[in-house]
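Pasted below: input06.cif, mmCIF, C-alpha atoms.
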data_upload
loop_
_atom_site.label_atom_id
_atom_site.label_comp_id
_atom_site.auth_asym_id
_atom_site.auth_seq_id
_atom_site.Cartn_x
_atom_site.Cartn_y
_atom_site.Cartn_z
CA MET A 1 123.64 108.27 114.22
CA ASP A 2 123.27 111.12 111.72
CA THR A 3 120.65 113.35 113.37
CA GLU A 4 121.13 116.17 110.91
CA LEU A 5 120.17 113.84 108.05
CA ILE A 6 117.13 112.59 109.97
CA LEU A 7 115.96 116.16 110.55
CA ARG A 8 116.38 116.88 106.85
CA VAL A 9 114.43 113.89 105.50
CA TYR A 10 111.74 113.34 108.12
CA PRO A 11 109.04 115.40 106.31
CA PHE A 12 109.17 112.87 103.44
CA PHE A 13 108.65 110.07 105.93
CA LEU A 14 105.68 111.84 107.53
CA GLN A 15 104.07 112.16 104.13
CA ALA A 16 104.77 108.49 103.44
CA ALA A 17 103.35 107.52 106.84
CA TRP A 18 100.10 109.23 105.86
CA VAL A 19 99.96 107.03 102.72
CA THR A 20 100.57 103.97 104.93
CA VAL A 21 97.67 105.07 107.16
CA GLN A 22 95.37 105.50 104.16
CA LEU A 23 96.41 102.09 102.81
CA SER A 24 95.81 100.50 106.21
CA VAL A 25 92.34 102.01 106.67
CA LEU A 26 91.11 101.13 103.17
CA THR A 27 92.61 97.64 103.38
CA ALA A 28 91.02 97.05 106.79
CA ILE A 29 87.58 98.09 105.53
CA LEU A 30 87.85 95.92 102.42
CA GLY A 31 89.24 93.07 104.53
CA LEU A 32 86.32 93.24 106.96
CA VAL A 33 83.83 93.15 104.07
CA CYS A 34 85.62 90.16 102.49
CA GLY A 35 85.90 88.53 105.92
CA ALA A 36 82.20 88.92 106.68
CA LEU A 37 81.22 87.58 103.24
CA GLY A 38 83.74 84.76 103.54
CA ALA A 39 82.48 83.76 106.99
CA ALA A 40 78.87 83.86 105.76
CA ALA A 41 79.85 81.61 102.85
CA ARG A 42 81.74 79.17 105.07
CA LEU A 43 78.78 78.89 107.47
CA SER A 44 76.18 78.72 104.71
CA ARG A 45 73.73 75.83 104.39
CA LEU A 46 74.50 75.62 100.69
CA ARG A 47 77.39 73.34 99.88
CA LEU A 48 78.42 75.48 96.87
CA PHE A 49 78.87 78.57 99.06
CA ARG A 50 80.79 76.57 101.64
CA ALA A 51 83.09 75.27 98.91
CA ILE A 52 83.65 78.80 97.55
CA GLY A 53 84.45 80.11 101.04
CA ALA A 54 86.84 77.26 101.79
CA THR A 55 88.63 77.68 98.44
CA TYR A 56 88.99 81.43 98.98
CA VAL A 57 90.60 80.91 102.39
CA SER A 58 92.83 78.05 101.31
CA VAL A 59 94.14 79.63 98.08
CA ILE A 60 94.73 83.10 99.54
CA ARG A 61 96.35 81.81 102.71
CA GLY A 62 98.35 79.23 100.77
CA THR A 63 100.15 81.70 98.49
CA PRO A 64 102.33 84.75 99.22
CA ALA A 65 100.59 88.13 99.41
CA LEU A 66 103.41 89.59 97.28
CA ILE A 67 102.51 87.22 94.41
CA GLN A 68 98.83 88.14 94.76
CA ILE A 69 99.73 91.82 94.47
CA PHE A 70 101.91 91.12 91.40
CA ILE A 71 99.18 89.07 89.70
CA LEU A 72 96.66 91.89 90.08
CA TYR A 73 98.99 94.79 89.28
CA PHE A 74 101.18 93.32 86.50
CA GLY A 75 98.84 90.56 85.28
CA GLY A 76 95.58 92.50 85.57
CA PRO A 77 95.97 94.46 82.30
CA GLN A 78 96.16 91.15 80.39
CA ILE A 79 92.63 90.28 81.51
CA GLY A 80 91.30 93.82 81.16
CA ILE A 81 91.83 95.07 84.73
CA GLN A 82 93.92 98.24 84.61
CA LEU A 83 94.56 99.70 88.07
CA ASP A 84 97.09 102.18 89.37
CA SER A 85 99.54 100.82 91.93
CA PHE A 86 97.72 102.24 94.98
CA ALA A 87 94.36 100.75 93.94
CA ALA A 88 95.87 97.39 92.97
CA GLY A 89 97.82 97.22 96.23
CA THR A 90 94.80 98.11 98.35
CA ILE A 91 92.50 95.60 96.64
CA ALA A 92 95.04 92.75 96.72
CA LEU A 93 95.93 93.39 100.38
CA GLY A 94 92.24 93.72 101.35
CA VAL A 95 91.30 90.45 99.67
CA ASN A 96 94.36 88.84 101.29
CA ILE A 97 93.66 89.93 104.87
CA GLY A 98 89.95 89.15 104.26
CA ALA A 99 90.83 85.45 104.07
CA TYR A 100 92.45 85.61 107.53
CA MET A 101 89.52 87.65 108.86
CA THR A 102 87.11 85.06 107.45
CA GLU A 103 88.59 82.50 109.81
CA THR A 104 88.61 84.95 112.74
CA ILE A 105 84.94 85.84 112.26
CA ARG A 106 83.90 82.23 111.64
CA GLY A 107 85.75 81.13 114.78
CA ALA A 108 84.03 83.78 116.90
CA ILE A 109 80.59 82.85 115.56
CA GLN A 110 81.20 79.15 116.14
CA SER A 111 82.44 79.78 119.66
CA VAL A 112 78.99 81.04 120.69
CA ASP A 113 77.35 78.27 122.69
CA ARG A 114 75.09 76.07 120.54
CA GLY A 115 72.45 76.19 123.27
CA GLN A 116 71.91 79.87 122.45
CA THR A 117 70.94 79.05 118.87
CA GLU A 118 68.80 76.11 119.91
CA ALA A 119 66.94 78.16 122.54
CA ALA A 120 66.31 81.04 120.11
CA ARG A 121 65.07 78.65 117.43
CA THR A 122 62.80 76.94 119.98
CA LEU A 123 61.34 80.35 120.86
CA GLY A 124 60.27 80.62 117.24
CA MET A 125 62.94 82.93 115.83
CA SER A 126 63.93 82.34 112.24
CA ARG A 127 67.50 81.28 111.39
CA TRP A 128 68.36 84.82 110.24
CA GLU A 129 66.76 86.42 113.32
CA THR A 130 68.69 84.05 115.58
CA MET A 131 71.92 85.00 113.85
CA ARG A 132 71.24 88.73 113.93
CA LYS A 133 69.73 89.13 117.40
CA VAL A 134 71.35 86.35 119.43
CA VAL A 135 74.54 84.95 117.91
CA LEU A 136 76.18 87.96 116.22
CA PRO A 137 75.98 90.35 119.18
CA GLN A 138 77.79 87.79 121.33
CA ALA A 139 80.25 86.82 118.60
CA ALA A 140 81.05 90.47 117.82
CA ARG A 141 82.49 90.98 121.29
CA MET A 142 84.70 87.93 120.98
CA MET A 143 86.10 88.88 117.58
CA ILE A 144 87.40 92.36 118.45
CA ARG A 145 90.72 91.20 119.90
CA PRO A 146 91.58 88.58 117.24
CA LEU A 147 90.54 91.02 114.49
CA GLY A 148 92.96 93.44 116.15
CA VAL A 149 95.72 90.88 115.63
CA ASN A 150 94.75 90.67 111.94
CA ILE A 151 94.82 94.46 111.64
CA ASN A 152 98.24 94.64 113.31
CA ALA A 153 99.55 92.18 110.69
CA LEU A 154 97.82 94.18 107.96
CA ILE A 155 99.55 97.44 108.89
CA LYS A 156 102.94 95.78 108.60
CA GLY A 157 101.69 94.01 105.46
CA THR A 158 101.14 97.33 103.68
CA ALA A 159 104.95 97.36 103.18
CA LEU A 160 104.36 94.79 100.44
CA VAL A 161 103.14 97.45 98.04
CA ALA A 162 106.62 99.04 98.06
CA PRO A 163 107.79 96.72 95.24
CA ILE A 164 105.00 98.06 92.98
CA SER A 165 106.22 101.61 93.77
CA VAL A 166 103.48 102.92 96.03
CA VAL A 167 105.25 105.74 97.86
CA GLU A 168 104.57 104.58 101.41
CA LEU A 169 106.93 104.19 104.37
CA THR A 170 108.95 101.18 103.27
CA TYR A 171 109.32 102.46 99.70
CA THR A 172 110.47 105.82 101.04
CA ALA A 173 112.95 104.15 103.39
CA GLN A 174 114.28 102.05 100.53
CA ARG A 175 114.77 105.10 98.29
CA PHE A 176 116.55 107.05 101.01
CA ILE A 177 118.75 104.09 101.91
CA GLY A 178 119.73 104.00 98.25
CA SER A 179 120.51 107.71 98.06
CA THR A 180 122.09 108.31 101.49
CA TYR A 181 123.69 104.93 102.34
CA LYS A 182 122.38 105.28 105.90
CA PRO A 183 120.27 102.11 106.31
CA PHE A 184 120.16 102.21 110.10
CA GLU A 185 118.87 105.79 110.36
CA MET A 186 116.24 105.24 107.65
CA PHE A 187 115.14 101.98 109.27
CA LEU A 188 114.79 103.66 112.64
CA LEU A 189 112.88 106.63 111.25
CA SER A 190 110.33 104.53 109.36
CA GLY A 191 110.26 101.91 112.13
CA VAL A 192 109.28 104.48 114.73
CA LEU A 193 106.47 105.73 112.49
CA TYR A 194 105.19 102.17 111.94
CA MET A 195 105.23 101.56 115.67
CA ILE A 196 103.34 104.78 116.36
CA ILE A 197 100.62 103.78 113.87
CA ILE A 198 100.42 100.28 115.34
CA TYR A 199 100.35 101.65 118.90
CA VAL A 200 97.52 104.09 118.17
CA VAL A 201 95.45 101.45 116.39
CA GLY A 202 96.15 98.99 119.21
CA GLN A 203 94.90 101.50 121.79
CA GLY A 204 91.73 102.02 119.70
CA ILE A 205 91.11 98.29 119.63
CA ASN A 206 91.69 97.98 123.38
CA TRP A 207 89.17 100.78 123.92
CA LEU A 208 86.59 99.03 121.70
CA ASP A 209 87.23 95.74 123.48
CA ARG A 210 86.75 97.31 126.93
CA ARG A 211 83.51 98.99 125.85
CA ALA A 212 82.19 95.76 124.38
CA ARG A 213 82.89 93.94 127.63
CA ILE A 214 80.98 96.47 129.73
CA ALA A 215 77.94 96.43 127.45
CA MET B 1 96.74 91.09 75.19
CA GLY B 2 94.92 88.02 76.45
CA LEU B 3 96.34 84.95 78.09
CA ASP B 4 98.62 82.36 76.57
CA PHE B 5 99.77 79.59 78.83
CA SER B 6 101.63 77.78 76.03
CA VAL B 7 104.83 79.70 76.94
CA LEU B 8 104.97 78.09 80.39
CA PRO B 9 106.58 74.71 79.51
CA ASP B 10 109.70 76.41 78.08
CA TYR B 11 110.39 77.98 81.48
CA PHE B 12 109.38 74.99 83.55
CA GLY B 13 113.00 74.29 84.50
CA ILE B 14 113.60 77.84 85.76
CA LEU B 15 110.45 77.78 87.88
CA LEU B 16 111.35 74.38 89.29
CA MET B 17 114.83 75.58 90.18
CA GLY B 18 113.27 78.68 91.80
CA ALA B 19 110.94 76.47 93.82
CA GLY B 20 113.96 74.45 94.94
CA TRP B 21 115.68 77.60 96.18
CA THR B 22 112.48 78.70 97.93
CA VAL B 23 112.44 75.39 99.80
CA ALA B 24 116.15 75.76 100.62
CA ILE B 25 115.66 79.29 101.99
CA THR B 26 112.64 78.19 104.01
CA VAL B 27 114.51 75.25 105.52
CA CYS B 28 117.65 77.28 106.37
CA ALA B 29 115.71 80.23 107.78
CA GLY B 30 113.37 77.82 109.58
CA ILE B 31 116.29 76.13 111.35
CA LEU B 32 117.83 79.51 112.21
CA SER B 33 114.49 80.80 113.56
CA PHE B 34 113.99 77.64 115.64
CA PHE B 35 117.34 77.75 117.44
CA GLY B 36 117.42 81.55 117.42
CA GLY B 37 113.98 81.53 119.05
CA ILE B 38 115.22 79.27 121.84
CA VAL B 39 118.34 81.39 122.45
CA PHE B 40 116.34 84.65 122.45
CA ALA B 41 113.75 83.17 124.80
CA VAL B 42 116.35 82.00 127.32
CA ILE B 43 118.18 85.35 127.22
CA ALA B 44 114.94 87.34 127.51
CA LEU B 45 113.93 85.31 130.58
CA TYR B 46 117.17 84.47 132.36
CA GLY B 47 119.96 86.52 130.76
CA HIS B 48 122.09 89.12 132.48
CA TRP B 49 120.57 92.54 131.92
CA THR B 50 123.39 93.58 129.54
CA LEU B 51 122.17 90.81 127.22
CA ARG B 52 118.50 90.88 128.15
CA LEU B 53 117.87 94.54 127.37
CA PRO B 54 119.35 94.50 123.86
CA VAL B 55 117.48 91.28 123.02
CA ARG B 56 114.19 92.71 124.29
CA GLY B 57 114.77 95.97 122.41
CA PHE B 58 115.59 94.04 119.26
CA ALA B 59 112.42 91.94 119.64
CA PHE B 60 110.34 95.08 120.19
CA LEU B 61 111.77 96.66 117.03
CA PHE B 62 111.34 93.52 114.92
CA MET B 63 107.76 92.83 116.03
CA GLY B 64 106.68 96.39 115.30
CA THR B 65 108.09 96.81 111.81
CA PRO B 66 107.50 95.10 108.45
CA LEU B 67 109.72 92.22 107.38
CA LEU B 68 110.49 93.94 104.08
CA LEU B 69 111.93 96.93 105.93
CA GLN B 70 114.06 94.58 108.07
CA LEU B 71 115.39 92.86 104.96
CA PHE B 72 116.51 96.23 103.57
CA LEU B 73 118.17 97.06 106.89
CA ILE B 74 120.08 93.78 107.04
CA TYR B 75 121.07 93.65 103.38
CA PHE B 76 122.21 97.28 103.08
CA GLY B 77 123.28 97.61 106.71
CA LEU B 78 125.72 94.70 106.44
CA ILE B 79 127.18 96.16 103.25
CA GLN B 80 127.62 99.50 105.02
CA ILE B 81 129.67 97.99 107.83
CA GLY B 82 131.81 96.22 105.27
CA ILE B 83 130.25 92.74 105.29
CA ASP B 84 129.27 91.91 101.74
CA LEU B 85 127.21 88.75 102.09
CA PRO B 86 125.66 86.90 99.17
CA ALA B 87 121.97 87.85 98.86
CA PHE B 88 120.96 84.30 99.76
CA VAL B 89 122.75 84.47 103.12
CA ALA B 90 121.38 87.95 103.86
CA GLY B 91 117.88 86.71 103.03
CA VAL B 92 118.22 83.67 105.29
CA ILE B 93 119.53 85.84 108.14
CA GLY B 94 116.71 88.39 107.71
CA LEU B 95 113.93 85.81 107.54
CA GLY B 96 115.51 83.71 110.28
CA LEU B 97 115.88 86.61 112.73
CA HIS B 98 112.38 87.91 112.00
CA PHE B 99 110.75 84.57 112.78
CA ALA B 100 113.14 83.84 115.65
CA VAL B 101 111.61 86.83 117.42
CA TYR B 102 108.10 85.44 116.92
CA ASN B 103 109.17 81.92 117.95
CA SER B 104 110.88 83.38 121.00
CA GLU B 105 107.59 84.92 122.19
CA LEU B 106 105.91 81.51 121.95
CA ILE B 107 108.78 79.71 123.69
CA GLN B 108 108.98 82.26 126.52
CA ALA B 109 105.31 81.77 127.38
CA SER B 110 105.77 78.03 127.15
CA ILE B 111 108.88 77.99 129.41
CA LEU B 112 106.94 79.90 132.06
CA ALA B 113 104.09 77.40 131.73
CA VAL B 114 106.32 74.37 132.46
CA ASP B 115 105.39 73.01 135.89
CA LYS B 116 107.59 74.53 138.61
CA GLY B 117 107.88 71.09 140.18
CA GLN B 118 109.93 69.95 137.18
CA TYR B 119 112.46 72.69 137.83
CA GLU B 120 112.56 72.13 141.57
CA GLY B 121 112.82 68.36 141.16
CA ALA B 122 115.76 68.68 138.77
CA ARG B 123 117.57 71.14 141.07
CA THR B 124 116.97 68.85 144.05
CA LEU B 125 118.54 65.99 142.11
CA GLY B 126 121.69 68.11 141.84
CA LEU B 127 121.40 69.47 138.29
CA SER B 128 122.77 72.96 137.84
CA ARG B 129 120.58 75.84 136.68
CA GLY B 130 121.91 75.56 133.12
CA GLN B 131 121.51 71.78 133.05
CA THR B 132 117.95 72.04 134.33
CA LEU B 133 117.04 74.50 131.61
CA ARG B 134 118.82 72.58 128.87
CA ARG B 135 117.75 69.06 129.72
CA ILE B 136 114.43 69.42 131.55
CA VAL B 137 112.62 72.72 130.95
CA ILE B 138 113.44 73.66 127.35
CA PRO B 139 112.67 70.25 125.79
CA GLN B 140 109.21 70.29 127.38
CA ALA B 141 108.60 73.94 126.53
CA VAL B 142 109.63 73.56 122.89
CA ARG B 143 107.57 70.41 122.40
CA ALA B 144 104.45 72.23 123.61
CA VAL B 145 104.83 75.02 121.04
CA ILE B 146 105.49 72.88 117.95
CA PRO B 147 101.95 73.48 116.55
CA PRO B 148 102.03 77.32 116.75
CA MET B 149 105.67 77.32 115.58
CA GLY B 150 104.45 75.27 112.62
CA ASN B 151 102.14 78.16 111.74
CA ASN B 152 105.17 80.45 111.81
CA MET B 153 106.98 78.10 109.42
CA ILE B 154 104.05 78.30 106.99
CA ALA B 155 104.17 82.10 107.25
CA LEU B 156 107.94 81.90 106.66
CA LEU B 157 107.48 79.91 103.46
CA LYS B 158 105.14 82.57 102.06
CA ASP B 159 107.25 85.49 103.30
CA SER B 160 110.31 83.98 101.63
CA ALA B 161 108.88 85.59 98.45
CA LEU B 162 110.02 88.94 99.91
CA VAL B 163 113.72 88.12 99.56
CA SER B 164 113.28 88.39 95.78
CA VAL B 165 113.28 92.15 96.40
CA ILE B 166 116.91 92.05 97.63
CA GLY B 167 117.83 89.88 94.65
CA VAL B 168 117.78 86.36 96.08
CA MET B 169 117.15 83.89 93.26
CA GLU B 170 114.05 81.99 94.29
CA LEU B 171 110.59 81.24 92.92
CA THR B 172 109.34 84.83 92.72
CA LEU B 173 112.51 86.14 91.09
CA ALA B 174 112.55 83.14 88.74
CA ALA B 175 109.03 84.06 87.63
CA GLN B 176 110.16 87.67 87.18
CA GLN B 177 113.05 86.58 84.96
CA ALA B 178 110.73 84.52 82.80
CA ILE B 179 108.38 87.52 82.60
CA SER B 180 111.17 89.87 81.55
CA ARG B 181 111.73 87.63 78.52
CA THR B 182 108.11 86.81 77.64
CA TYR B 183 106.11 89.82 78.93
CA ARG B 184 103.53 87.42 80.34
CA PRO B 185 103.19 88.43 84.04
CA PHE B 186 99.77 86.92 84.65
CA GLU B 187 100.74 83.43 83.46
CA PHE B 188 104.05 83.26 85.30
CA TYR B 189 102.94 84.77 88.59
CA LEU B 190 99.98 82.39 88.53
CA ALA B 191 102.36 79.49 87.88
CA ALA B 192 104.53 80.67 90.79
CA ALA B 193 101.42 80.88 93.00
CA VAL B 194 100.56 77.27 92.09
CA CYS B 195 104.11 76.19 93.03
CA TYR B 196 103.87 78.00 96.39
CA TYR B 197 100.48 76.45 97.01
CA ILE B 198 101.81 72.93 96.37
CA VAL B 199 104.84 73.42 98.64
CA ASN B 200 102.52 74.94 101.24
CA LEU B 201 100.18 71.92 101.14
CA ALA B 202 103.16 69.58 101.52
CA LEU B 203 104.49 71.58 104.48
CA GLU B 204 101.06 71.60 106.15
CA ALA B 205 100.75 67.82 105.71
CA GLY B 206 104.23 67.33 107.17
CA LEU B 207 103.43 69.53 110.17
CA ARG B 208 100.18 67.65 110.83
CA ARG B 209 102.10 64.35 110.89
CA LEU B 210 104.66 65.83 113.27
CA GLU B 211 101.91 67.10 115.57
CA ARG B 212 100.23 63.68 115.61
CA ARG B 213 103.52 61.99 116.48
CA ILE B 214 104.13 64.40 119.33
CA ALA B 215 100.59 63.95 120.63
CA ALA B 216 101.03 60.17 120.47
CA SER B 217 104.33 60.22 122.38
CA ARG B 218 102.81 62.04 125.34
#

Step by step, read the file and then write its structure as structure tokens.
Amino acid sequence: MDTELILRVYPFFLQAAWVTVQLSVLTAILGLVCGALGAAARLSRLRLFRAIGATYVSVIRGTPALIQIFILYFGGPQIGIQLDSFAAGTIALGVNIGAYMTETIRGAIQSVDRGQTEAARTLGMSRWETMRKVVLPQAARMMIRPLGVNINALIKGTALVAPISVVELTYTAQRFIGSTYKPFEMFLLSGVLYMIIIYVVGQGINWLDRRARIA
Amino acid sequence: MGLDFSVLPDYFGILLMGAGWTVAITVCAGILSFFGGIVFAVIALYGHWTLRLPVRGFAFLFMGTPLLLQLFLIYFGLIQIGIDLPAFVAGVIGLGLHFAVYNSELIQASILAVDKGQYEGARTLGLSRGQTLRRIVIPQAVRAVIPPMGNNMIALLKDSALVSVIGVMELTLAAQQAISRTYRPFEFYLAAAVCYYIVNLALEAGLRRLERRIAASR
């Protein structure tokens, strides 16, 4: 273990970890938006929307995220979409994790007892009111933990933008492995930073989950 | 620049060969992750602490870091200690170990969920501890986690795209080679995505059949 080397390069890794955090936050927000829209489409009364939602989930989950990132970043300019690598990576990862979140959110909504909907409708609430005031508050509590699993996968998934040269943790580790020939040290340094990010986010989700259970 | 899909047929052979290698990597890494998962699970639950602690530490490290980072570690780490493996082998080892850790978590929970009476019954009949695990507990535990392990196999198929980064010739790298000659990234990555999607659908169908057969044999 070359501690002197670690002490010399760690500031670069801290900077890269900050990029990974930014990527994770933006991707999570975009993913939640896509997930909410996707779940709404999949539960829609209109067959067209249901078909769109199902196709979104099936195609995105059926192909590698790396290919999706490459299509947007390298293929985008051919169809008039010119993005820098950070933006392309964030959008592709957000749309990708959104497909998984679609299924998480849909599952939570469908796990709310049907009797709740029926009772609310009988009391004269509209479909939208029933969803907003009765079903969603109950479903929201149940989706915190599984969404946390999605977000955990997403944080590790941000490594996939390394091949399009976003200077985040994995890219930085790769460059330093190349220049120092110390793969183990670089792996450990970036690995510890990933685990810290995942741990902090995990604690946040546990806190949210506990609060939701009390309420 | 616009799109022009007419270049695709010329490179059909390369893409098909790439898809073949993707399937080969997935199958090899899948087998490694299956048996590796069982071995890790048994060590993590019953191993001597000199084995148990390293395996647990390894699992902790591999579940908390990205696969891509692990692939770099294995590929360059092995070279550093003087083992120069072909990229294909390094890729299979990296993918296999990564998913072995995830399979091991499933199998551990499943082993603990096997009825204690099964264990006690086998021991009473005179089977040794090892025999009981090998012949009675593990077969039941593994059978119960085939469906979630199937999900891991589907994830493995898609994550096999990552080994293109360490230079393993498979579908993603095949597409990249075609692109380097034609400068048509959109068309070829889309074609690769279609290939992945087809293999994925086939794998899902196969897993569903397997699950039905297991459910029927209960």

Find the residues of chain A that sit at most 10 Å from chain B; for each, write down the nearest two atoms and how far apart they are in Å, to one decimal. Count only C-alpha atoms. Sort by chain, then by number going up, and give it as a Markdown table.
| residue | atom | partner | partner_atom | distance |
| --- | --- | --- | --- | --- |
| A:Ser58 | CA | B:Tyr197 | CA | 8.9 |
| A:Val59 | CA | B:Tyr197 | CA | 7.2 |
| A:Ile60 | CA | B:Tyr197 | CA | 9.1 |
| A:Arg61 | CA | B:Lys158 | CA | 8.8 |
| A:Gly62 | CA | B:Tyr197 | CA | 5.1 |
| A:Thr63 | CA | B:Tyr197 | CA | 5.5 |
| A:Pro64 | CA | B:Lys158 | CA | 4.6 |
| A:Ala65 | CA | B:Lys158 | CA | 7.7 |
| A:Leu66 | CA | B:Ala161 | CA | 6.9 |
| A:Ile67 | CA | B:Tyr189 | CA | 6.3 |
| A:Gln68 | CA | B:Ala193 | CA | 7.9 |
| A:Ile69 | CA | B:Tyr189 | CA | 9.7 |
| A:Phe70 | CA | B:Tyr189 | CA | 7.0 |
| A:Ile71 | CA | B:Phe186 | CA | 5.5 |
| A:Leu72 | CA | B:Phe186 | CA | 8.0 |
| A:Tyr73 | CA | B:Phe186 | CA | 9.2 |
| A:Phe74 | CA | B:Pro185 | CA | 5.8 |
| A:Gly75 | CA | B:Phe186 | CA | 3.8 |
| A:Gly76 | CA | B:Phe186 | CA | 7.0 |
| A:Pro77 | CA | B:Met1 | CA | 7.9 |
| A:Gln78 | CA | B:Gly2 | CA | 5.2 |
| A:Ile79 | CA | B:Gly2 | CA | 6.0 |
| A:Gly80 | CA | B:Gly2 | CA | 8.3 |
| A:Asn152 | CA | B:Gly64 | CA | 8.8 |
| A:Ala153 | CA | B:Pro66 | CA | 8.8 |
| A:Leu154 | CA | B:Pro66 | CA | 9.7 |
| A:Ile155 | CA | B:Pro66 | CA | 8.3 |
| A:Lys156 | CA | B:Pro66 | CA | 4.6 |
| A:Gly157 | CA | B:Pro66 | CA | 6.6 |
| A:Thr158 | CA | B:Pro66 | CA | 8.3 |
| A:Ala159 | CA | B:Pro66 | CA | 6.3 |
| A:Leu160 | CA | B:Leu68 | CA | 7.2 |
| A:Ala162 | CA | B:Leu68 | CA | 8.8 |
| A:Pro163 | CA | B:Val165 | CA | 7.2 |
| A:Leu169 | CA | B:Leu69 | CA | 9.0 |
| A:Thr170 | CA | B:Leu69 | CA | 5.8 |
| A:Tyr171 | CA | B:Leu69 | CA | 8.7 |
| A:Ala173 | CA | B:Leu69 | CA | 7.7 |
| A:Gln174 | CA | B:Phe72 | CA | 6.9 |
| A:Ile177 | CA | B:Phe76 | CA | 7.7 |
| A:Gly178 | CA | B:Phe76 | CA | 8.6 |
| A:Tyr181 | CA | B:Gln80 | CA | 7.2 |
| A:Lys182 | CA | B:Gly77 | CA | 7.8 |
| A:Pro183 | CA | B:Gly77 | CA | 5.4 |
| A:Phe184 | CA | B:Leu73 | CA | 6.4 |
| A:Glu185 | CA | B:Leu73 | CA | 9.4 |
| A:Met186 | CA | B:Leu73 | CA | 8.4 |
| A:Phe187 | CA | B:Leu73 | CA | 6.2 |
| A:Leu188 | CA | B:Leu61 | CA | 8.8 |
| A:Ser190 | CA | B:Thr65 | CA | 8.4 |
| A:Gly191 | CA | B:Thr65 | CA | 5.6 |
| A:Val192 | CA | B:Thr65 | CA | 8.3 |
| A:Leu193 | CA | B:Thr65 | CA | 9.1 |
| A:Tyr194 | CA | B:Thr65 | CA | 6.1 |
| A:Met195 | CA | B:Gly64 | CA | 5.4 |
| A:Ile196 | CA | B:Gly64 | CA | 9.1 |
| A:Ile197 | CA | B:Gly64 | CA | 9.7 |
| A:Ile198 | CA | B:Gly64 | CA | 7.4 |
| A:Tyr199 | CA | B:Gly64 | CA | 9.0 |

Deliver the residues from the most recent selection as a file, using C-alpha atoms, as a CSV table (one decimal), in the frame of the given file.
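Final output, result.csv:
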chain,number,residue,atom,x,y,z
A,58,SER,CA,92.8,78.0,101.3
A,59,VAL,CA,94.1,79.6,98.1
A,60,ILE,CA,94.7,83.1,99.5
A,61,ARG,CA,96.4,81.8,102.7
A,62,GLY,CA,98.4,79.2,100.8
A,63,THR,CA,100.2,81.7,98.5
A,64,PRO,CA,102.3,84.8,99.2
A,65,ALA,CA,100.6,88.1,99.4
A,66,LEU,CA,103.4,89.6,97.3
A,67,ILE,CA,102.5,87.2,94.4
A,68,GLN,CA,98.8,88.1,94.8
A,69,ILE,CA,99.7,91.8,94.5
A,70,PHE,CA,101.9,91.1,91.4
A,71,ILE,CA,99.2,89.1,89.7
A,72,LEU,CA,96.7,91.9,90.1
A,73,TYR,CA,99.0,94.8,89.3
A,74,PHE,CA,101.2,93.3,86.5
A,75,GLY,CA,98.8,90.6,85.3
A,76,GLY,CA,95.6,92.5,85.6
A,77,PRO,CA,96.0,94.5,82.3
A,78,GLN,CA,96.2,91.2,80.4
A,79,ILE,CA,92.6,90.3,81.5
A,80,GLY,CA,91.3,93.8,81.2
A,152,ASN,CA,98.2,94.6,113.3
A,153,ALA,CA,99.6,92.2,110.7
A,154,LEU,CA,97.8,94.2,108.0
A,155,ILE,CA,99.6,97.4,108.9
A,156,LYS,CA,102.9,95.8,108.6
A,157,GLY,CA,101.7,94.0,105.5
A,158,THR,CA,101.1,97.3,103.7
A,159,ALA,CA,105.0,97.4,103.2
A,160,LEU,CA,104.4,94.8,100.4
A,162,ALA,CA,106.6,99.0,98.1
A,163,PRO,CA,107.8,96.7,95.2
A,169,LEU,CA,106.9,104.2,104.4
A,170,THR,CA,109.0,101.2,103.3
A,171,TYR,CA,109.3,102.5,99.7
A,173,ALA,CA,113.0,104.2,103.4
A,174,GLN,CA,114.3,102.0,100.5
A,177,ILE,CA,118.8,104.1,101.9
A,178,GLY,CA,119.7,104.0,98.2
A,181,TYR,CA,123.7,104.9,102.3
A,182,LYS,CA,122.4,105.3,105.9
A,183,PRO,CA,120.3,102.1,106.3
A,184,PHE,CA,120.2,102.2,110.1
A,185,GLU,CA,118.9,105.8,110.4
A,186,MET,CA,116.2,105.2,107.6
A,187,PHE,CA,115.1,102.0,109.3
A,188,LEU,CA,114.8,103.7,112.6
A,190,SER,CA,110.3,104.5,109.4
A,191,GLY,CA,110.3,101.9,112.1
A,192,VAL,CA,109.3,104.5,114.7
A,193,LEU,CA,106.5,105.7,112.5
A,194,TYR,CA,105.2,102.2,111.9
A,195,MET,CA,105.2,101.6,115.7
A,196,ILE,CA,103.3,104.8,116.4
A,197,ILE,CA,100.6,103.8,113.9
A,198,ILE,CA,100.4,100.3,115.3
A,199,TYR,CA,100.4,101.6,118.9

Test item: the PyMOL selection byres ((chain A and resi 39-50) around 12) resolved as a VMD selection string: chain A and resid 31 to 38 51 to 58 98 to 110 127 to 128 131 136

Selection under test: the PyMOL selection byres ((chain B and resi 55) around 12); residues as number ranges by chain: B: 36-37, 39-54, 56-62, 97, 100-101, 104-105

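Residues captured in this structure file are A:Leu23, A:Leu26, A:Thr27, A:Leu30, A:Gly31, A:Gln68, A:Ile69, A:Leu72, A:Tyr73, A:Leu83, A:Ser85, A:Phe86, A:Ala87, A:Ala88, A:Gly89, A:Thr90, A:Ala92, A:Leu93, A:Gly94, A:Val95, A:Asn96, according to the PyMOL selection byres ((chain A and resi 91) around 10).
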
Which residues, written as a PyMOL selection string, have at least one atom at most 8 Å from B:Val92, with all atoms listed in the file counted and residues fewer than 6 positions away on the same chain left out? chain B and resi 25-26+28-29
